[in-house]
Structures are given as structure tokens and as C-alpha cells.
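> Contents of target-v2.cif (mmCIF, C-alpha atoms) are below:
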data_input
loop_
_atom_site.label_atom_id
_atom_site.label_comp_id
_atom_site.auth_asym_id
_atom_site.auth_seq_id
_atom_site.Cartn_x
_atom_site.Cartn_y
_atom_site.Cartn_z
CA MET I 88 114.42 144.04 225.07
CA THR I 89 117.49 145.60 223.52
CA LYS I 90 117.87 148.32 220.99
CA PRO I 91 117.75 146.86 217.47
CA ILE I 92 121.00 146.45 215.56
CA ILE I 93 121.16 148.72 212.54
CA ASP I 94 123.55 147.21 210.05
CA ASN I 95 124.37 148.19 206.48
CA LEU I 96 122.05 146.42 204.09
CA THR I 97 121.09 146.08 200.43
CA LEU I 98 117.92 144.06 200.07
CA PRO I 99 116.02 143.49 196.82
CA ILE I 100 112.26 143.94 197.20
CA GLY I 101 110.46 142.90 194.02
CA CYS I 102 111.65 145.38 191.45
CA CYS I 103 113.03 147.86 194.00
CA THR I 104 115.80 147.80 196.55
CA LEU I 105 116.11 148.68 200.21
CA GLU I 106 119.44 150.27 200.96
CA ARG I 107 120.60 151.12 204.46
CA THR I 108 123.85 152.63 205.56
CA GLU I 109 124.99 154.45 208.68
CA SER I 110 123.90 157.75 207.16
CA GLY I 111 120.32 156.70 206.38
CA ALA I 112 117.95 154.34 204.61
CA GLN I 113 116.19 154.56 201.28
CA VAL I 114 113.99 152.60 198.93
CA ILE I 115 115.19 152.76 195.31
CA LEU I 116 112.60 152.05 192.63
CA ASN I 117 113.43 150.37 189.31
CA ASN I 118 113.23 153.72 187.51
CA GLY I 119 116.08 154.98 189.69
CA LYS I 120 113.98 157.17 191.99
CA ALA I 121 114.99 156.95 195.64
CA PHE I 122 112.77 157.64 198.66
CA SER I 123 114.30 158.21 202.10
CA ILE I 124 112.80 156.32 204.99
CA THR I 125 113.60 156.24 208.72
CA PHE I 126 115.69 153.48 210.30
CA PRO I 127 112.67 151.94 212.09
CA GLU I 128 110.74 151.94 208.78
CA SER I 129 113.68 150.20 207.10
CA LEU I 130 113.74 147.59 209.88
CA ILE I 131 109.99 146.98 209.54
CA LEU I 132 110.39 146.58 205.80
CA GLN I 133 113.33 144.23 206.24
CA LYS I 134 111.34 142.07 208.65
CA LEU I 135 108.35 141.91 206.30
CA VAL I 136 110.48 141.12 203.24
CA GLU I 137 112.47 138.43 205.00
CA ASN I 138 109.15 136.79 205.84
CA GLU I 139 107.36 137.49 202.59
CA GLY I 140 103.75 136.34 202.55
CA VAL I 141 103.82 135.52 206.25
CA VAL I 142 101.79 137.54 208.74
CA ILE I 143 104.10 139.28 211.26
CA THR I 144 102.51 140.39 214.47
CA LYS I 145 102.49 144.06 215.39
CA HIS I 146 104.50 143.25 218.49
CA ASP I 147 107.24 141.56 216.51
CA LEU I 148 107.40 144.47 214.07
CA ILE I 149 107.65 146.98 216.90
CA VAL I 150 110.38 144.98 218.59
CA SER I 151 112.29 144.70 215.31
CA ALA I 152 112.01 148.45 214.67
CA TRP I 153 112.28 150.10 218.07
CA GLY I 154 113.36 147.35 220.47
CA ARG I 155 110.91 148.18 223.25
CA PRO I 156 107.14 148.71 222.71
CA GLU I 157 106.76 151.03 225.67
CA ILE I 158 109.00 153.79 224.25
CA ILE I 159 106.78 154.50 221.21
CA GLY I 160 103.31 155.88 220.76
CA ALA I 161 100.27 153.89 219.70
CA ASN I 162 100.37 155.35 216.18
CA SER I 163 104.06 154.84 215.47
CA LEU I 164 103.65 151.49 213.71
CA PRO I 165 100.57 152.49 211.60
CA VAL I 166 102.34 155.72 210.57
CA ALA I 167 105.47 153.81 209.53
CA ILE I 168 103.35 151.30 207.59
CA THR I 169 101.48 154.15 205.84
CA ASN I 170 104.77 155.78 204.82
CA LEU I 171 106.09 152.49 203.45
CA ARG I 172 102.84 151.82 201.57
CA LYS I 173 103.03 155.20 199.81
CA ILE I 174 106.44 154.32 198.42
CA LEU I 175 105.91 150.63 197.69
CA GLU I 176 102.58 150.99 195.93
CA LEU I 177 104.49 152.73 193.10
CA SER I 178 105.99 149.31 192.41
CA SER I 179 102.76 147.37 193.00
CA ILE I 180 104.03 146.01 196.32
CA LYS I 181 101.32 145.75 198.96
CA ILE I 182 101.53 145.70 202.74
CA THR I 183 98.32 144.14 203.94
CA ASN I 184 96.82 144.59 207.39
CA ILE I 185 95.44 141.34 208.78
CA PRO I 186 93.01 142.43 211.55
CA ARG I 187 94.03 141.38 215.09
CA LYS I 188 97.05 139.53 213.69
CA GLY I 189 99.53 141.86 212.05
CA TYR I 190 100.91 142.76 208.65
CA LYS I 191 102.25 140.90 205.65
CA ILE I 192 103.92 141.97 202.45
CA ASP I 193 102.88 140.76 198.98
CA MET I 194 105.07 141.26 195.99
CA PRO I 195 103.99 140.80 192.38
CA GLU I 196 105.46 137.86 190.48
CA PRO I 197 108.49 139.31 188.71
CA HIS I 198 108.85 138.95 184.93
CA VAL I 199 112.45 138.05 184.39
CA GLU I 200 114.03 138.76 181.07
CA ILE I 201 117.61 137.98 180.30
CA GLU I 202 119.16 140.70 178.26
CA THR I 203 122.51 140.08 176.76
CA GLU I 204 124.57 143.23 176.93
CA GLN I 205 127.03 144.45 174.40
CA GLU I 206 130.63 143.51 174.81
CA ARG I 207 131.45 145.11 178.08
CA THR I 208 135.12 144.56 178.43
CA GLU I 209 138.09 144.42 176.17
CA THR I 210 138.33 140.71 176.74
CA ASP I 211 135.00 140.31 174.90
CA LEU I 212 133.48 138.88 178.01
CA ILE I 213 129.75 138.79 177.52
CA THR I 214 127.75 139.08 180.65
CA SER I 215 124.08 138.96 181.28
CA GLN I 216 121.91 141.22 183.30
CA VAL I 217 118.65 140.38 184.91
CA VAL I 218 116.07 143.02 184.22
CA ILE I 219 112.89 142.85 186.21
CA HIS I 220 109.77 144.50 184.86
CA PRO I 221 106.29 144.71 186.25
CA PRO I 222 104.48 141.65 184.85
CA ASP I 223 101.92 143.25 182.53
CA HIS I 224 104.35 145.63 180.90
CA GLY I 225 106.90 142.86 180.45
CA VAL I 226 104.46 140.52 178.71
CA LEU I 227 103.20 143.31 176.47
CA LYS I 228 106.74 144.36 175.64
CA GLY I 229 107.67 140.78 174.76
CA VAL I 230 104.66 140.40 172.46
CA SER I 231 105.32 143.79 170.89
CA ASP I 232 109.00 142.96 170.26
CA LYS I 233 108.08 139.63 168.63
CA LEU I 234 105.46 141.33 166.49
CA LYS I 235 107.99 143.94 165.39
CA LEU I 236 110.40 141.19 164.42
CA TYR I 237 107.78 139.24 162.43
CA VAL I 238 106.65 142.40 160.64
CA SER I 239 110.29 143.24 159.88
CA PHE I 240 110.88 139.79 158.37
CA ILE I 241 107.75 140.13 156.24
CA LEU I 242 108.80 143.62 155.10
CA LEU I 243 112.30 142.40 154.24
CA ALA I 244 110.93 139.44 152.31
CA PHE I 245 108.43 141.65 150.47
CA THR I 246 111.12 144.22 149.60
CA GLY I 247 113.43 141.47 148.39
CA TYR I 248 110.65 140.01 146.25
CA ILE I 249 109.91 143.41 144.66
CA VAL I 250 113.61 143.99 143.92
CA VAL I 251 114.10 140.55 142.35
CA TYR I 252 110.83 140.76 140.39
CA THR I 253 111.77 144.19 139.04
CA ALA I 254 115.34 143.17 138.20
CA PHE I 255 114.09 140.21 136.14
CA SER I 256 111.35 142.23 134.42
CA TRP I 257 113.45 145.31 133.66
CA VAL I 258 113.86 145.81 129.91
CA LYS I 259 117.59 146.21 129.32
CA ILE I 260 119.17 147.24 126.06
CA ASP I 261 122.72 147.19 124.72
CA CYS I 262 123.94 149.97 122.45
CA TYR I 263 127.03 149.62 120.26
CA ASP I 264 128.49 150.64 116.92
CA MET I 265 128.67 148.18 114.03
CA GLY I 266 130.55 149.69 111.14
CA GLN I 267 128.82 152.96 110.30
CA ALA I 268 125.63 152.00 112.05
CA SER I 269 124.73 152.55 115.67
CA VAL I 270 122.57 149.76 117.06
CA CYS I 271 120.60 149.35 120.27
CA SER I 272 119.19 145.90 120.84
CA ILE I 273 117.35 144.09 123.58
CA LYS I 274 120.00 142.64 125.89
CA GLY I 275 121.21 139.28 124.67
CA GLU I 276 120.17 139.82 121.07
CA SER I 277 122.38 141.39 118.43
CA PRO I 278 122.06 141.58 114.65
CA SER I 279 124.40 139.64 112.42
CA ASN I 280 127.08 141.56 110.59
CA SER I 281 125.51 140.70 107.26
CA LEU I 282 122.24 142.32 108.36
CA ILE I 283 123.89 145.60 109.24
CA GLU I 284 126.50 145.61 106.49
CA GLY I 285 126.49 148.79 104.43
CA LYS I 286 123.88 150.49 106.60
CA LYS I 287 124.29 153.93 108.15
CA GLY I 288 122.42 155.62 110.97
CA GLN I 289 120.64 154.57 114.13
CA PHE I 290 118.82 151.25 114.44
CA TYR I 291 116.93 149.31 117.09
CA PHE I 292 116.90 145.55 116.94
CA SER I 293 115.24 142.44 118.24
CA LYS I 294 115.26 139.07 116.52
CA GLN I 295 111.51 139.04 116.02
CA SER I 296 111.05 142.62 114.89
CA GLY I 297 114.33 142.79 112.93
CA LEU I 298 116.10 146.07 112.34
CA VAL I 299 113.98 149.11 113.04
CA GLU I 300 115.44 152.28 111.58
CA VAL I 301 115.35 155.52 113.53
CA SER I 302 114.54 158.39 111.22
CA LYS I 303 116.50 160.99 113.16
CA ASN I 304 119.62 160.72 115.26
CA VAL I 305 118.89 159.93 118.89
CA GLY I 306 119.66 163.01 120.96
CA MET N 81 121.07 142.67 169.03
CA TRP N 82 120.45 140.89 165.72
CA ALA N 83 116.73 141.52 166.13
CA LYS N 84 117.37 145.25 166.25
CA ARG N 85 119.48 144.97 163.11
CA VAL N 86 116.68 143.10 161.31
CA ILE N 87 114.16 145.76 162.31
CA PHE N 88 116.54 148.53 161.24
CA ALA N 89 117.30 146.86 157.90
CA SER N 90 113.61 146.31 157.17
CA LEU N 91 112.79 149.93 157.98
CA ILE N 92 115.56 151.26 155.75
CA SER N 93 114.83 148.91 152.83
CA SER N 94 111.08 149.40 152.89
CA GLY N 95 111.59 153.17 153.26
CA LEU N 96 113.84 153.24 150.20
CA LEU N 97 111.38 151.09 148.26
CA ALA N 98 108.53 153.44 149.19
CA VAL N 99 110.55 156.46 148.01
CA VAL N 100 111.42 154.78 144.69
CA LEU N 101 107.82 153.70 144.10
CA LEU N 102 106.55 157.17 144.98
CA TYR N 103 108.96 158.69 142.47
CA GLY N 104 107.80 156.26 139.75
CA PHE N 105 104.17 156.98 140.57
CA LEU N 106 104.67 160.78 140.45
CA ALA N 107 106.73 160.65 137.25
CA GLY N 108 104.13 158.35 135.69
CA ALA N 109 101.33 160.64 136.80
CA SER N 110 102.76 163.50 134.74
CA CYS N 111 101.99 161.83 131.40
CA GLN N 112 99.82 163.30 128.68
CA TYR N 113 100.25 161.43 125.43
CA SER N 114 98.73 159.28 122.77
CA VAL N 115 100.70 156.66 120.90
CA SER N 116 99.59 154.78 117.81
CA ILE N 117 101.30 151.57 116.84
CA HIS N 118 100.67 149.05 114.13
CA VAL N 119 101.89 145.59 115.06
CA ALA N 120 102.63 144.10 111.67
CA ASP N 121 103.11 140.50 112.84
CA ASP N 122 99.66 140.29 114.41
CA ASP N 123 98.13 142.80 111.99
CA ARG N 124 96.55 144.78 114.78
CA ASP N 125 96.50 148.45 115.75
CA THR N 126 97.04 149.85 119.20
CA LEU N 127 96.06 153.31 120.32
CA LEU N 128 97.58 154.05 123.70
CA THR N 129 96.63 157.12 125.70
CA CYS N 130 97.87 158.32 129.06
CA TYR N 131 96.60 161.23 131.12
CA ARG N 132 97.61 161.99 134.71
CA GLY N 133 99.03 158.52 135.10
CA LYS N 134 95.99 156.62 133.87
CA VAL N 135 96.52 154.59 130.72
CA VAL N 136 93.74 153.51 128.37
CA ALA N 137 94.67 151.40 125.38
CA LEU N 138 92.49 150.16 122.54
CA GLN N 139 93.74 147.18 120.61
CA THR N 140 91.90 146.60 117.35
CA LYS N 141 92.02 143.99 114.65
CA ALA N 142 90.14 144.51 111.43
CA ALA N 143 89.33 141.97 108.73
CA ASP N 144 90.42 142.39 105.15
CA ASP N 145 87.12 144.04 104.27
CA GLY N 146 87.68 146.62 107.04
CA HIS N 147 85.12 145.52 109.61
CA ILE N 148 86.41 145.12 113.17
CA VAL N 149 86.68 141.52 114.30
CA SER N 150 88.31 142.10 117.69
CA LYS N 151 88.68 145.08 120.00
CA TRP N 152 89.94 145.19 123.58
CA LYS N 153 90.14 148.01 126.08
CA VAL N 154 92.99 147.91 128.57
CA GLU N 155 93.21 150.21 131.59
CA ALA N 156 96.37 150.64 133.60
CA ARG N 157 98.34 152.92 135.92
CA GLN N 158 101.68 154.14 134.63
CA LEU N 159 104.95 154.29 136.60
CA ARG N 160 108.04 155.81 134.99
CA PHE N 161 111.69 155.31 135.90
CA GLY N 162 113.77 157.03 133.25
CA ASP N 163 112.96 155.30 129.93
CA GLN N 164 111.49 152.35 131.79
CA THR N 165 107.71 152.29 131.92
CA VAL N 166 105.76 149.98 134.18
CA TYR N 167 102.07 149.46 133.54
CA PHE N 168 99.96 148.15 136.37
CA VAL N 169 97.06 146.70 134.38
CA TYR N 170 93.84 146.48 136.35
CA SER N 171 91.27 146.03 133.59
CA ARG N 172 91.29 144.25 130.24
CA VAL N 173 87.90 143.79 128.59
CA PRO N 174 86.77 142.73 125.11
CA LEU N 175 84.59 145.29 123.37
CA VAL N 176 83.53 142.93 120.60
CA THR N 177 81.70 139.91 121.92
CA GLY N 178 79.60 137.12 120.50
CA GLU N 179 80.70 134.48 118.06
CA ILE N 180 84.12 135.52 116.88
CA GLU N 181 86.67 133.61 114.88
CA ASP N 182 89.93 132.91 116.65
CA ASN N 183 92.30 135.78 115.97
CA SER N 184 95.70 137.07 117.08
CA ASN N 185 94.33 140.08 118.98
CA ASP N 186 92.08 137.92 121.16
CA ARG N 187 94.88 135.43 121.76
CA PHE N 188 97.29 138.18 122.77
CA ASN N 189 94.83 139.77 125.19
CA GLN N 190 93.64 136.50 126.65
CA ILE N 191 97.19 135.51 127.44
CA SER N 192 98.14 138.96 128.71
CA SER N 193 95.11 139.07 131.03
CA GLY N 194 97.03 136.81 133.40
CA TYR N 195 99.67 139.47 134.01
CA ASN N 196 99.20 142.70 135.92
CA PHE N 197 102.66 144.25 135.72
CA LEU N 198 104.11 144.86 132.28
CA PHE N 199 107.53 146.42 131.74
CA TYR N 200 108.50 148.41 128.64
CA ARG N 201 111.36 150.65 127.64
CA MET N 202 110.08 153.65 125.72
CA VAL N 203 112.58 155.68 123.76
CA ARG N 204 111.32 158.79 122.10
CA VAL N 205 112.92 160.36 119.03
CA GLU N 206 111.02 163.51 118.15
CA ASP N 207 107.50 162.33 117.24
CA GLU N 208 108.49 158.69 116.92
CA ILE N 209 108.47 156.25 119.79
CA PHE N 210 110.28 152.94 120.05
CA ILE N 211 108.94 150.50 122.59
CA PHE N 212 111.18 147.64 123.69
CA GLN N 213 109.53 144.68 125.35
CA ASN N 214 110.73 141.38 126.80
CA PHE N 215 107.35 139.78 127.23
CA PRO N 216 105.32 138.02 125.86
CA ARG N 217 108.04 138.14 123.22
CA ARG N 218 111.16 140.21 122.64
CA PHE N 219 110.12 142.93 120.26
CA VAL N 220 110.74 146.52 119.27
CA HIS N 221 107.60 148.42 118.32
CA LYS N 222 107.72 151.64 116.36
CA GLY N 223 104.92 154.17 116.63
CA LYS N 224 103.91 157.81 116.55
CA VAL N 225 103.59 159.82 119.72
CA GLU N 226 101.85 163.09 120.54
CA GLY N 227 102.24 164.85 123.88
CA PHE N 228 104.77 163.95 126.55
CA LEU N 229 105.56 160.71 128.34
CA ASP N 230 106.38 162.30 131.73
CA PHE N 231 107.65 165.57 133.18
CA TRP N 232 111.20 164.90 131.96
CA ASP N 233 109.89 164.42 128.44
CA MET N 234 107.77 167.56 128.81
CA TRP N 235 110.95 169.46 129.76
CA ASP N 236 112.78 168.03 126.71
CA GLN N 237 109.95 169.04 124.37
CA ARG N 238 110.07 172.72 125.41
#
Would you encode the structure as C-alpha cells?

Amino acid sequence: MTKPIIDNLTLPIGCCTLERTESGAQVILNNGKAFSITFPESLILQKLVENEGVVITKHDLIVSAWGRPEIIGANSLPVAITNLRKILELSSIKITNIPRKGYKIDMPEPHVEIETEQERTETDLITSQVVIHPPDHGVLKGVSDKLKLYVSFILLAFTGYIVVYTAFSWVKIDCYDMGQASVCSIKGESPSNSLIEGKKGQFYFSKQSGLVEVSKNVG
Amino acid sequence: MWAKRVIFASLISSGLLAVVLLYGFLAGASCQYSVSIHVADDDRDTLLTCYRGKVVALQTKAADDGHIVSKWKVEARQLRFGDQTVYFVYSRVPLVTGEIEDNSNDRFNQISSGYNFLFYRMVRVEDEIFIFQNFPRRFVHKGKVEGFLDFWDMWDQR
């Protein structure tokens, strides 16, 4: 039994990441929070993740983490597992104890959503980024986004309808001078010159009502 | 990205629409007037009243001997945008029922009952009012007005 090799590592675990360098190891959650763990804990986690869903015996885990079983106490492995569980349960990742056999890791099914980013570079190269959300939140977010879009389309259509309806129904008038008379008529209708000839003052006009004289000058 | 633009555009446009409608509702709610009009072509009289935005109009047609042959009550909510007046008509009921001869007032109201939004342009000159309409026919009505059409008119009358 030799001492385990501790190499630099970046390993995705569900929606978090295990990072290990010479200076230490940490688990980084998808919200950016990082939790430091010991090297043996990182080795245990690596072993479990590389054999996801498979039961790894306690002996194998101890050998992976410490190299030799006889140099550690009886509680070293359970303590390491407890520490890892505290961190991983924040991302719904479970380490399950299988009695008399060992441990296995279970990760939730990731919801993968492709999000096109804005133009990142000057060469207009569009790249895509894989964003992994916990499943329930992702599904809800997707439904909510679609609902928002449908409601927005309905609102836009409704607003457009109101604007068009109002524009067509709006009563527009044209005002102009004809000789000595000032006339306002419903748009598209204007009195003939003979009708207004010789008249003075302010008049309103439509073909059906004819000329309607205003007694006073419009202010 | 386009989805965000659609959502943004819908929020802005519906927000603007809500503001415009609210203005029209508030301006319309400041009315306190009565208008009397005689429509010569149909030989009918209209008395139009508005108070706090609620409009009640009585349209009456009398026979040659003076007895009323047709009378309708119309209830509406007024919105005002400058000279433009929008009536949202929510009730139009005949007050004279039974066996009635066909007449222009009934015809006008029966046809108009199919429309809820009616647009008019009301221009006031002292105590006279001129009402321009596009529908059901293009016409300029002339009538007498007492009170004020909205808060702008109230300000002008002071």
C-alpha cells in the first residue's frame, strides 16, 4: 500500500465542482460558494464520483484516501463522509451508506439549458454556455418564462388592437379658411365654394348636416 | 434575447396604454353638464347629462300631436381626450314599450345597441356645443350646454 497520489484536479459533480490543487481542495457550488475540504476527503469524493451509482467498499475508499488502513482511526472515514454530506446536500447530492458494503453517490438528473450569450468577442463569435440548474427550479423557470412570453404576446396584440381601433374611430376634423369664412369639417368632407360664397364667420360642416353656423367666434 | 425584448415592449406599451386610459377616465370623470340637442333629420330630441363620468341620455320622439311615441334611456361612462369624447355604452333600454309604429328613434337605438364604444368630438363655444360624429353617419349636431364637459372646460369657464 502506497501513499495516494494527489494531483491537480477539476471535476464536475452534478451542479458543483471539485477543485484540487497543491495548496488545497474545495467544493464549489453553482452559486459560487466554495467549501474547503481535506485532501483525503477530496480523494474519497473523486472515487465516488468516478464510480457514480456504484457501491464502493469502505476499504477501497480508505485506500484511495489514505493509502494504508492501519494509519487511520476507525472514525476517519465516517467523519470524512459526514463532512462531504454537509456540503453536497446543499446541491441535492447524496452519499448513501449501504450497510456492510460501502458508500455510493447519487446525483440528481441535471436540467440542461442552452443559453446563448451576447456577442462575446469583436469577431461576433457567438458561443453557448451550458447552465445546469436543479431540476425542479429549472422546469418551473422554463414554464414561467414561456408563460411570460405568451402573456407578453397577448398584451402586445391587445395594445395594438386598441391603438388601431381608436385610430379608426377617432373623429378628425379639418379647419381652413374659404374666402371670408372659416370652416371646420369632418375629415374628408368639405363644402363647395358655392355653398360658402358670400358667407362670413365660423362654420362647421358635414355633407349630411350641411353648414352649421357658430354664433360666436371660436376662442 | 428577442424574448426579453418582446416582454419589455409589451410592458412599455401596455403601461403607456394604461396611463392614457387612466387620464381619459379621470378627465371624463370630472364632467358635470347637460346638453340638449334636436336632431332635425330624425325629428327627435336628445337630453344628455353627465355627472362624475356617468352619462345618462334620453332620446325622445314625439308625434305631431305631442304625445311621445318613442323614448330610450342610454347609460354610458365618459372618457375625454381633449375635444374627443368616448362613450362606453353599457345600457340602452326603451322606456316606451308595447305596440309602437316603426319610427326613426327606435331604428337609431336598435342599430346603435350593437355598439359599445362611440366616439364624438365635442367643441364648445360659450353655451353652444357642436358634436361631430363619424358613425352611424357623418354629422355635426348643434345643441345647448350647461355646466362643464371636463376639468379643462371647467377651468375655461372660470
> Residues of chain I that have any atom at most 9 Å from an atom of chain N: could you tabulate them with the shortest-distance atom pair and the distance in Å to one decimal, using all atoms listed in the file, ordered by chain and increasing number, as CSV?

residue,atom,partner,partner_atom,distance
I:Thr203,CA,N:Met81,CA,8.3
I:Glu204,CA,N:Met81,CA,8.7
I:Gln205,CA,N:Met81,CA,8.2
I:Asp232,CA,N:Ala83,CA,8.9
I:Lys235,CA,N:Ile87,CA,7.1
I:Leu236,CA,N:Ile87,CA,6.3
I:Val238,CA,N:Ile87,CA,8.4
I:Ser239,CA,N:Ile87,CA,5.2
I:Phe240,CA,N:Ser90,CA,7.2
I:Ile241,CA,N:Ser90,CA,8.6
I:Leu242,CA,N:Ser90,CA,5.9
I:Leu243,CA,N:Ser90,CA,5.1
I:Ala244,CA,N:Ser90,CA,8.8
I:Phe245,CA,N:Ser94,CA,8.5
I:Thr246,CA,N:Ser94,CA,6.1
I:Gly247,CA,N:Ser93,CA,8.8
I:Ile249,CA,N:Leu97,CA,8.6
I:Val250,CA,N:Leu97,CA,8.6
I:Thr253,CA,N:Phe199,CA,8.7
I:Ser256,CA,N:Phe199,CA,6.3
I:Trp257,CA,N:Phe199,CA,6.3
I:Val258,CA,N:Arg201,CA,5.9
I:Lys259,CA,N:Arg201,CA,7.8
I:Ile260,CA,N:Phe212,CA,8.3
I:Ser272,CA,N:Val220,CA,8.6
I:Ile273,CA,N:Phe212,CA,7.1
I:Tyr291,CA,N:Val220,CA,7.1
I:Phe292,CA,N:Val220,CA,6.7
I:Ser293,CA,N:Phe219,CA,5.5
I:Lys294,CA,N:Phe219,CA,7.4
I:Gln295,CA,N:Phe219,CA,5.9
I:Ser296,CA,N:Phe219,CA,5.5
I:Gly297,CA,N:Val220,CA,8.2
I:Leu298,CA,N:Val220,CA,8.8
I:Val299,CA,N:Val220,CA,7.5
I:Val301,CA,N:Val205,CA,7.7
I:Ser302,CA,N:Val205,CA,8.2
I:Lys303,CA,N:Val205,CA,6.9
I:Asn304,CA,N:Val205,CA,7.7
I:Val305,CA,N:Val205,CA,6.0
I:Gly306,CA,N:Val205,CA,7.5
> Nearest residue to Arg155 of chain I out of I:Val141, I:Pro127, I:Gly229, I:Ala268, using all atoms listed in the file?
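Of I:Val141, I:Pro127, I:Gly229, I:Ala268, the one nearest Arg155 of chain I, counting all atoms listed in the file, is I:Pro127.
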> Assuming the chain letters and numbering stay as they are in my file, what does the PyMOL selection byres ((chain I and resi 108-114) around 10) actually select? List them as number ranges by chain.
I: 93-100, 103-107, 115-117, 119-130, 132, 171, 174-175
> Can you pull out the residues contacting segment 135-144 of chain N? Cut-off 9 Å, using all atoms listed in the file, and skip same-chain residues under 6 positions away; I want them as a PyMOL selection string.
chain N and resi 122-129+150-158+167+169+183-186+189
> What does the structure give for the distance between atom CA of Lys181 of chain I and atom CA of Met194 of chain I, in Å to one decimal?
6.6 Å
> Tyr131 of chain N: which residues within 9 Å, counting only C-alpha atoms, same-chain residues fewer than 6 positions away excluded, as a list of chain:residue names?
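Once the adjacent positions are removed, what remains is N:Ala109, N:Ser110, N:Cys111, N:Gln112, N:Tyr113, N:Ser114.
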